[in-house]
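What follows is a short report on a single structure.
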Amino acid sequence: MTVAETAAPTSRGRVRTELCHKRVRAYLDGHLVVDSISPTLVWESPHYPTYYFPRDDIRGDLILTGTVEHSPSRGDAQMFDVKVGNSRAEGAARVYPQSPLEAISGLVRFDWNAMTEWLEEDEVVYTHARDPYTRVDALPSSRHVVLKVDGVIVADSHRPVLLFETGLPVRYYLPLADVRLDLLRPTATKTHCPYKGTATYWSLDTGTALHKDLVWIYRAPLPESQKIAGLACFYNEKVDIEVDGILEEGSRTHLR
């Protein structure tokens with residue numbers, strides 16, 4: 001059975017696969033490594049998928065390393081270096097030639113971080129492949145949101161944007177004018193989200209303690225998340241959150 005024929009999702013143990021219809025490309029130092037319109041999404045963990053590609057879609061050279069890695073669900077993987085142009089990524093590809101999970105047998109998986117750029121269609125993707133079953137909704141609200149840390153009110157807003165992301169708690173994005181900016185200390189930390197873009201961080205100094213990287217902001221989010229551009233968000237799990245006067249379940253007061 002070829003990958004193109006495997007249209008229905010398949011699974012083995014906790015690993016699930018599904019044929020994807022996006023054009024996906026990966027580059028190494030500006031050189032095209034793979035260009036595919038028939039990649040397979042593989043959920044190796046429950047959190048997000050990765051891409052596996054047909055051999056015919058590989059543009060770089062795969063050089064066998066002689067190393068084999070075993071997976072209980074996927075079988076034995078042959079490891080390859082990836083070489084394209086003058087660039088080489090050691091151990092950056094793997095193939096399961098006789099996988100018990102038929103949908104991935106013979107397909108090529110690249111280590112995401114070993115590649116320098118990934119594109120889904122013509123849009124750059126960060127961190128990992130997008131999950132087609134993850135949805136991000138950013139909704140303006142008039143709820144009254146008050147955040148406290150160490151007993152200090154650090155934000156008070158009647159105009160939050162509530163972000164609902166599949167599998168995650170509701171996040172409250174607040175206008176900077178409603179946040180105690182005098183308590184924020186910029187840090188060098190950056191994180192990348194395939195749905196929202198690049199976030200930068202602040203630590204929060206309440207005078208009692210310095211809470212590292214507690215607050216983040218997407219200054220130039222991806223198009224589908226533009227409603228949170230320039231708004232500040234706090235980790236729910238590390239602050240006390242009151243919404244319309246009700247302390248939110250799971251906030252710090254409940255954890256103490």
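In the structure tokens, chains take the letters A, B, ... in the order shown, each chain's residues start at 1, and ligands count up from 1 in the order shown.
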Contacts of Gly245 of chain A at 12 Å (only C-alpha atoms; same-chain gap of 2+ positions) as a ChimeraX atom specification: /A:143-147,156,158,240-243,247-248
Residue set, segment 81-243 of chain A restricted to helix (DSSP H, G or I), as a list of chain:residue names: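 In segment 81-243 of chain A, DSSP puts these residues in helix (DSSP H, G or I): A:Glu102, A:Ala103, A:Ile104, A:Trp112, A:Asn113, A:Ala114, A:Leu176, A:Ala177, A:Asp178, A:Leu181, A:Asp182, A:Leu183, A:Pro223, A:Glu224, A:Ser225, A:Gln226, A:Lys227, A:Ile228, A:Asn236, A:Glu237, A:Lys238.
For the choices A:His47, A:Arg59, A:Leu64, A:Ser157, the atom-to-atom distance to Thr134 of chain A is smallest for A:His47 when using only C-alpha atoms.
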Based on the backbone DSSP call, show me all residues of segment 7-217 of chain A assigned strand (DSSP E), as a compact mmCIF listing (two decimals) with N, CA and C atoms, in the first residue's frame.
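Wrote out.txt, looks like this:
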# COMPACT_ATOMS: atom_id res chain seq x y z
N THR A 10 -4.90 5.89 10.57
CA THR A 10 -4.53 4.60 11.12
C THR A 10 -3.82 4.83 12.43
N SER A 11 -3.71 3.78 13.26
CA SER A 11 -3.06 3.96 14.54
C SER A 11 -2.46 2.64 15.00
N ARG A 12 -1.49 2.77 15.90
CA ARG A 12 -0.89 1.61 16.58
C ARG A 12 -0.50 2.10 17.96
N VAL A 15 0.17 5.90 18.77
CA VAL A 15 0.60 6.60 17.56
C VAL A 15 -0.52 6.57 16.54
N ARG A 16 -0.83 7.74 16.00
CA ARG A 16 -1.91 7.87 15.01
C ARG A 16 -1.36 8.55 13.77
N THR A 17 -1.85 8.18 12.59
CA THR A 17 -1.39 8.78 11.35
C THR A 17 -2.57 9.26 10.52
N GLU A 18 -2.30 10.23 9.67
CA GLU A 18 -3.34 10.76 8.79
C GLU A 18 -2.68 11.44 7.59
N LEU A 19 -3.16 11.16 6.42
CA LEU A 19 -2.62 11.80 5.23
C LEU A 19 -2.94 13.29 5.24
N VAL A 24 4.26 20.83 1.89
CA VAL A 24 5.19 21.06 2.99
C VAL A 24 6.61 21.01 2.46
N ARG A 25 7.41 22.01 2.84
CA ARG A 25 8.81 22.06 2.44
C ARG A 25 9.68 22.28 3.67
N ALA A 26 10.91 21.74 3.61
CA ALA A 26 11.90 21.98 4.65
C ALA A 26 13.21 22.34 3.97
N TYR A 27 13.94 23.27 4.61
CA TYR A 27 15.21 23.76 4.08
C TYR A 27 16.31 23.58 5.11
N LEU A 28 17.52 23.36 4.62
CA LEU A 28 18.71 23.33 5.46
C LEU A 28 19.69 24.35 4.92
N HIS A 31 18.96 25.50 1.45
CA HIS A 31 18.86 24.47 0.42
C HIS A 31 17.61 23.63 0.67
N LEU A 32 16.85 23.36 -0.39
CA LEU A 32 15.62 22.58 -0.28
C LEU A 32 15.95 21.12 0.03
N VAL A 33 15.37 20.60 1.11
CA VAL A 33 15.59 19.22 1.52
C VAL A 33 14.43 18.32 1.11
N VAL A 34 13.20 18.83 1.25
CA VAL A 34 12.02 18.05 0.90
C VAL A 34 10.93 18.99 0.42
N ASP A 35 10.18 18.54 -0.56
CA ASP A 35 9.05 19.30 -1.12
C ASP A 35 7.96 18.29 -1.43
N SER A 36 6.89 18.30 -0.64
CA SER A 36 5.89 17.24 -0.74
C SER A 36 4.47 17.79 -0.71
N THR A 40 2.59 12.64 5.43
CA THR A 40 1.73 11.97 6.41
C THR A 40 1.96 12.60 7.78
N LEU A 41 0.88 13.00 8.43
CA LEU A 41 0.97 13.50 9.80
C LEU A 41 1.00 12.32 10.75
N VAL A 42 1.95 12.32 11.67
CA VAL A 42 2.09 11.23 12.62
C VAL A 42 2.11 11.81 14.03
N TRP A 43 1.14 11.41 14.84
CA TRP A 43 1.08 11.83 16.24
C TRP A 43 1.90 10.84 17.06
N THR A 50 4.02 15.23 13.73
CA THR A 50 5.20 15.54 12.93
C THR A 50 4.97 14.99 11.54
N TYR A 51 5.80 15.42 10.58
CA TYR A 51 5.62 15.01 9.19
C TYR A 51 6.54 13.85 8.82
N TYR A 52 5.99 12.92 8.06
CA TYR A 52 6.75 11.86 7.40
C TYR A 52 6.53 12.02 5.89
N PHE A 53 7.60 11.78 5.10
CA PHE A 53 7.55 12.10 3.68
C PHE A 53 7.89 10.89 2.80
N ASP A 61 20.40 14.51 -0.02
CA ASP A 61 20.94 13.16 0.06
C ASP A 61 20.78 12.61 1.47
N LEU A 62 20.38 11.36 1.58
CA LEU A 62 20.31 10.67 2.86
C LEU A 62 21.46 9.68 2.95
N ILE A 63 22.30 9.86 3.94
CA ILE A 63 23.51 9.05 4.09
C ILE A 63 23.36 8.18 5.33
N LEU A 64 23.31 6.87 5.13
CA LEU A 64 23.09 5.93 6.22
C LEU A 64 24.21 6.02 7.25
N THR A 65 23.83 6.13 8.53
CA THR A 65 24.83 6.24 9.60
C THR A 65 25.21 4.89 10.19
N GLY A 66 24.38 3.88 9.99
CA GLY A 66 24.61 2.58 10.62
C GLY A 66 23.97 2.46 11.98
N THR A 67 23.39 3.53 12.47
CA THR A 67 22.72 3.53 13.77
C THR A 67 21.26 3.13 13.61
N VAL A 68 20.76 2.34 14.56
CA VAL A 68 19.35 1.94 14.57
C VAL A 68 18.74 2.32 15.91
N GLU A 69 17.56 2.95 15.87
CA GLU A 69 16.84 3.28 17.10
C GLU A 69 15.50 2.58 17.09
N HIS A 70 15.12 2.04 18.24
CA HIS A 70 13.89 1.24 18.32
C HIS A 70 12.77 2.02 18.99
N SER A 71 11.58 1.88 18.43
CA SER A 71 10.36 2.42 19.03
C SER A 71 9.38 1.27 19.21
N GLY A 75 8.67 0.50 15.51
CA GLY A 75 9.65 -0.48 15.08
C GLY A 75 11.06 0.09 15.07
N ASP A 76 11.95 -0.51 14.26
CA ASP A 76 13.35 -0.10 14.19
C ASP A 76 13.55 0.96 13.11
N ALA A 77 14.21 2.06 13.50
CA ALA A 77 14.47 3.16 12.57
C ALA A 77 15.93 3.17 12.16
N GLN A 78 16.17 3.23 10.86
CA GLN A 78 17.51 3.48 10.35
C GLN A 78 17.75 4.98 10.37
N MET A 79 18.93 5.38 10.88
CA MET A 79 19.25 6.79 11.02
C MET A 79 20.12 7.24 9.85
N PHE A 80 19.88 8.48 9.40
CA PHE A 80 20.59 9.03 8.25
C PHE A 80 21.08 10.44 8.56
N ASP A 81 22.25 10.79 8.01
CA ASP A 81 22.65 12.18 7.90
C ASP A 81 21.94 12.77 6.69
N VAL A 82 21.67 14.07 6.75
CA VAL A 82 21.07 14.78 5.62
C VAL A 82 22.11 15.70 5.02
N LYS A 83 22.35 15.55 3.72
CA LYS A 83 23.35 16.38 3.05
C LYS A 83 22.71 17.05 1.85
N VAL A 84 22.88 18.36 1.77
CA VAL A 84 22.37 19.13 0.64
C VAL A 84 23.31 20.31 0.44
N SER A 87 25.97 21.68 3.09
CA SER A 87 25.46 21.55 4.46
C SER A 87 25.15 20.09 4.78
N ARG A 88 25.37 19.75 6.03
CA ARG A 88 25.11 18.38 6.49
C ARG A 88 24.53 18.43 7.89
N ALA A 89 23.43 17.72 8.10
CA ALA A 89 22.82 17.61 9.42
C ALA A 89 22.93 16.15 9.86
N GLU A 90 23.73 15.92 10.88
CA GLU A 90 24.01 14.55 11.30
C GLU A 90 22.83 13.94 12.04
N GLY A 91 22.48 12.72 11.63
CA GLY A 91 21.41 11.99 12.30
C GLY A 91 20.07 12.68 12.25
N ALA A 92 19.82 13.51 11.24
CA ALA A 92 18.62 14.34 11.20
C ALA A 92 17.43 13.68 10.52
N ALA A 93 17.62 12.47 9.98
CA ALA A 93 16.51 11.77 9.31
C ALA A 93 16.45 10.34 9.79
N ARG A 94 15.25 9.80 9.77
CA ARG A 94 15.08 8.39 10.12
C ARG A 94 14.01 7.76 9.24
N VAL A 95 14.17 6.46 9.01
CA VAL A 95 13.23 5.70 8.19
C VAL A 95 12.93 4.40 8.91
N VAL A 108 10.14 9.01 5.29
CA VAL A 108 11.28 9.70 5.89
C VAL A 108 10.79 10.75 6.87
N ARG A 109 11.35 10.71 8.07
CA ARG A 109 11.03 11.71 9.10
C ARG A 109 12.28 12.54 9.36
N PHE A 110 12.14 13.86 9.31
CA PHE A 110 13.26 14.76 9.59
C PHE A 110 13.10 15.35 10.98
N GLU A 117 14.40 25.96 8.13
CA GLU A 117 13.10 26.56 7.82
C GLU A 117 12.11 25.47 7.43
N TRP A 118 10.86 25.66 7.87
CA TRP A 118 9.76 24.80 7.45
C TRP A 118 8.65 25.68 6.88
N LEU A 119 8.04 25.24 5.80
CA LEU A 119 6.91 25.95 5.20
C LEU A 119 5.74 25.00 5.02
N GLU A 120 4.55 25.46 5.42
CA GLU A 120 3.30 24.81 5.05
C GLU A 120 2.66 25.71 4.00
N GLU A 123 3.70 29.58 3.92
CA GLU A 123 3.81 30.24 5.22
C GLU A 123 4.83 29.51 6.08
N VAL A 124 5.73 30.29 6.70
CA VAL A 124 6.72 29.71 7.60
C VAL A 124 6.02 29.17 8.84
N VAL A 136 -7.71 27.81 17.50
CA VAL A 136 -7.41 28.97 18.33
C VAL A 136 -8.45 30.05 18.05
N ASP A 137 -9.24 30.40 19.06
CA ASP A 137 -10.24 31.46 18.94
C ASP A 137 -9.88 32.58 19.90
N ALA A 138 -9.72 33.79 19.39
CA ALA A 138 -9.44 34.97 20.22
C ALA A 138 -10.68 35.86 20.17
N LEU A 139 -11.34 36.00 21.32
CA LEU A 139 -12.63 36.69 21.36
C LEU A 139 -12.57 37.90 22.30
N PRO A 140 -12.84 39.11 21.77
CA PRO A 140 -12.94 40.28 22.65
C PRO A 140 -14.06 40.08 23.66
N VAL A 145 -11.57 41.36 34.51
CA VAL A 145 -10.48 40.44 34.87
C VAL A 145 -9.50 41.19 35.78
N VAL A 146 -9.25 40.62 36.95
CA VAL A 146 -8.28 41.17 37.90
C VAL A 146 -7.25 40.10 38.21
N LEU A 147 -5.98 40.45 38.08
CA LEU A 147 -4.89 39.52 38.36
C LEU A 147 -4.10 40.01 39.56
N LYS A 148 -3.78 39.08 40.46
CA LYS A 148 -2.98 39.40 41.63
C LYS A 148 -1.81 38.43 41.75
N VAL A 149 -0.68 38.97 42.17
CA VAL A 149 0.51 38.16 42.47
C VAL A 149 1.08 38.65 43.80
N VAL A 152 -0.61 41.55 45.30
CA VAL A 152 -0.58 42.84 44.60
C VAL A 152 -1.40 42.74 43.32
N ILE A 153 -2.28 43.72 43.10
CA ILE A 153 -3.02 43.77 41.84
C ILE A 153 -2.05 44.17 40.72
N VAL A 154 -1.84 43.27 39.76
CA VAL A 154 -0.89 43.54 38.69
C VAL A 154 -1.58 43.84 37.36
N ALA A 155 -2.90 43.59 37.29
CA ALA A 155 -3.67 43.94 36.09
C ALA A 155 -5.14 44.02 36.46
N ASP A 156 -5.83 44.95 35.82
CA ASP A 156 -7.26 45.15 36.09
C ASP A 156 -7.88 45.65 34.78
N SER A 157 -8.71 44.82 34.16
CA SER A 157 -9.21 45.17 32.83
C SER A 157 -10.67 44.79 32.63
N VAL A 161 -9.08 40.15 25.85
CA VAL A 161 -9.34 39.24 24.75
C VAL A 161 -9.10 37.83 25.30
N LEU A 162 -10.12 37.00 25.22
CA LEU A 162 -10.02 35.64 25.74
C LEU A 162 -9.57 34.71 24.61
N LEU A 163 -8.50 33.98 24.85
CA LEU A 163 -7.98 33.08 23.84
C LEU A 163 -8.28 31.64 24.24
N PHE A 164 -9.04 30.97 23.38
CA PHE A 164 -9.42 29.58 23.60
C PHE A 164 -8.63 28.72 22.61
N GLU A 165 -7.72 27.91 23.15
CA GLU A 165 -6.89 27.04 22.33
C GLU A 165 -7.11 25.60 22.76
N ARG A 171 -6.79 31.69 28.13
CA ARG A 171 -5.77 32.70 28.44
C ARG A 171 -6.39 34.08 28.31
N TYR A 172 -6.03 34.98 29.21
CA TYR A 172 -6.57 36.34 29.24
C TYR A 172 -5.50 37.30 28.73
N TYR A 173 -5.73 37.86 27.56
CA TYR A 173 -4.80 38.83 26.96
C TYR A 173 -5.34 40.23 27.25
N LEU A 174 -4.49 41.07 27.85
CA LEU A 174 -4.95 42.35 28.38
C LEU A 174 -4.20 43.51 27.75
N LEU A 184 7.03 45.26 35.51
CA LEU A 184 7.55 44.33 34.51
C LEU A 184 9.02 44.59 34.22
N ARG A 185 9.77 43.50 34.07
CA ARG A 185 11.19 43.57 33.76
C ARG A 185 11.45 42.73 32.50
N PRO A 186 11.86 43.37 31.39
CA PRO A 186 12.05 42.59 30.15
C PRO A 186 13.14 41.53 30.30
N THR A 187 12.95 40.39 29.66
CA THR A 187 13.96 39.33 29.65
C THR A 187 14.31 39.01 28.20
N ALA A 188 15.31 38.17 28.03
CA ALA A 188 15.74 37.78 26.69
C ALA A 188 14.98 36.56 26.17
N THR A 189 14.06 36.04 26.96
CA THR A 189 13.34 34.82 26.58
C THR A 189 12.41 35.05 25.40
N LYS A 190 12.44 34.10 24.47
CA LYS A 190 11.48 34.09 23.35
C LYS A 190 10.98 32.66 23.17
N THR A 191 9.70 32.53 22.85
CA THR A 191 9.15 31.23 22.50
C THR A 191 8.40 31.36 21.18
N HIS A 192 8.20 30.22 20.53
CA HIS A 192 7.56 30.22 19.22
C HIS A 192 6.36 29.27 19.24
N CYS A 193 5.27 29.71 18.68
CA CYS A 193 4.06 28.91 18.60
C CYS A 193 3.66 28.81 17.12
N GLY A 197 2.79 32.61 16.69
CA GLY A 197 4.00 33.31 16.29
C GLY A 197 5.04 33.35 17.39
N THR A 198 5.78 34.46 17.49
CA THR A 198 6.89 34.59 18.43
C THR A 198 6.49 35.49 19.59
N ALA A 199 6.69 34.98 20.80
CA ALA A 199 6.37 35.74 22.02
C ALA A 199 7.65 36.17 22.71
N THR A 200 7.63 37.39 23.24
CA THR A 200 8.71 37.86 24.11
C THR A 200 8.16 37.99 25.53
N TYR A 201 9.07 38.07 26.52
CA TYR A 201 8.66 37.90 27.91
C TYR A 201 9.13 39.03 28.82
N TRP A 202 8.40 39.14 29.94
CA TRP A 202 8.79 39.96 31.07
C TRP A 202 8.80 39.08 32.33
N SER A 203 9.67 39.42 33.26
CA SER A 203 9.53 38.93 34.61
C SER A 203 8.71 39.96 35.38
N LEU A 204 8.13 39.54 36.50
CA LEU A 204 7.28 40.41 37.30
C LEU A 204 7.89 40.58 38.68
N ASP A 205 8.15 41.85 39.06
CA ASP A 205 8.74 42.16 40.37
C ASP A 205 7.68 42.83 41.24
N LEU A 210 10.68 38.19 42.67
CA LEU A 210 10.79 38.34 41.22
C LEU A 210 10.32 37.05 40.58
N HIS A 211 9.27 37.14 39.78
CA HIS A 211 8.68 35.97 39.13
C HIS A 211 9.15 35.96 37.68
N LYS A 212 10.04 35.04 37.36
CA LYS A 212 10.72 35.04 36.07
C LYS A 212 9.78 34.60 34.94
N ASP A 213 9.82 35.38 33.85
CA ASP A 213 9.10 35.05 32.61
C ASP A 213 7.63 34.71 32.87
N LEU A 214 6.99 35.53 33.66
CA LEU A 214 5.60 35.29 34.04
C LEU A 214 4.62 35.86 33.01
N VAL A 215 5.08 36.84 32.24
CA VAL A 215 4.19 37.59 31.34
C VAL A 215 4.78 37.56 29.93
N TRP A 216 3.91 37.38 28.94
CA TRP A 216 4.40 37.39 27.56
C TRP A 216 3.51 38.25 26.66
N ILE A 217 4.04 38.52 25.47
CA ILE A 217 3.32 39.35 24.51
C ILE A 217 3.70 38.91 23.10
Pick from A:Gln226, A:Thr166, A:Ser141, A:Thr116 nearest to Gly30 of chain A, counting only C-alpha atoms: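 Nearest candidate to Gly30 of chain A out of A:Gln226, A:Thr166, A:Ser141, A:Thr116: A:Thr116.
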Nearest to Pro46 of chain A by atom-to-atom distance, counting only C-alpha atoms, from A:Gly167, A:Pro194, A:Gly85, A:Pro160: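 Smallest distance to Pro46 of chain A is found for A:Gly167.
With distances restricted to only C-alpha atoms, A:Ala129 is the closest residue to Trp112 of chain A from A:Ala129, A:Ala177, A:Ser99, A:Cys233.
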A:Gly106, A:Met115, A:Arg74, A:Glu121 ranked by distance to Arg55 of chain A, top pick (using only C-alpha atoms):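 Among the listed residues, A:Gly106 lies closest to Arg55 of chain A.
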Atomic separation - atom CA of Pro49 of chain A relative to atom CA of Ile228 of chain A, Å: 25.0 Å
Among the residues A:Arg180, A:Gly60, A:Glu237, A:Arg14, the one that comes closest to Asn86 of chain A [using only C-alpha atoms]: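 When distances to Asn86 of chain A are compared using only C-alpha atoms, the smallest one comes from A:Gly60.
Of note, atom CA of Ser225 of chain A and atom CA of Arg135 of chain A are spaced 10.9 Å apart.
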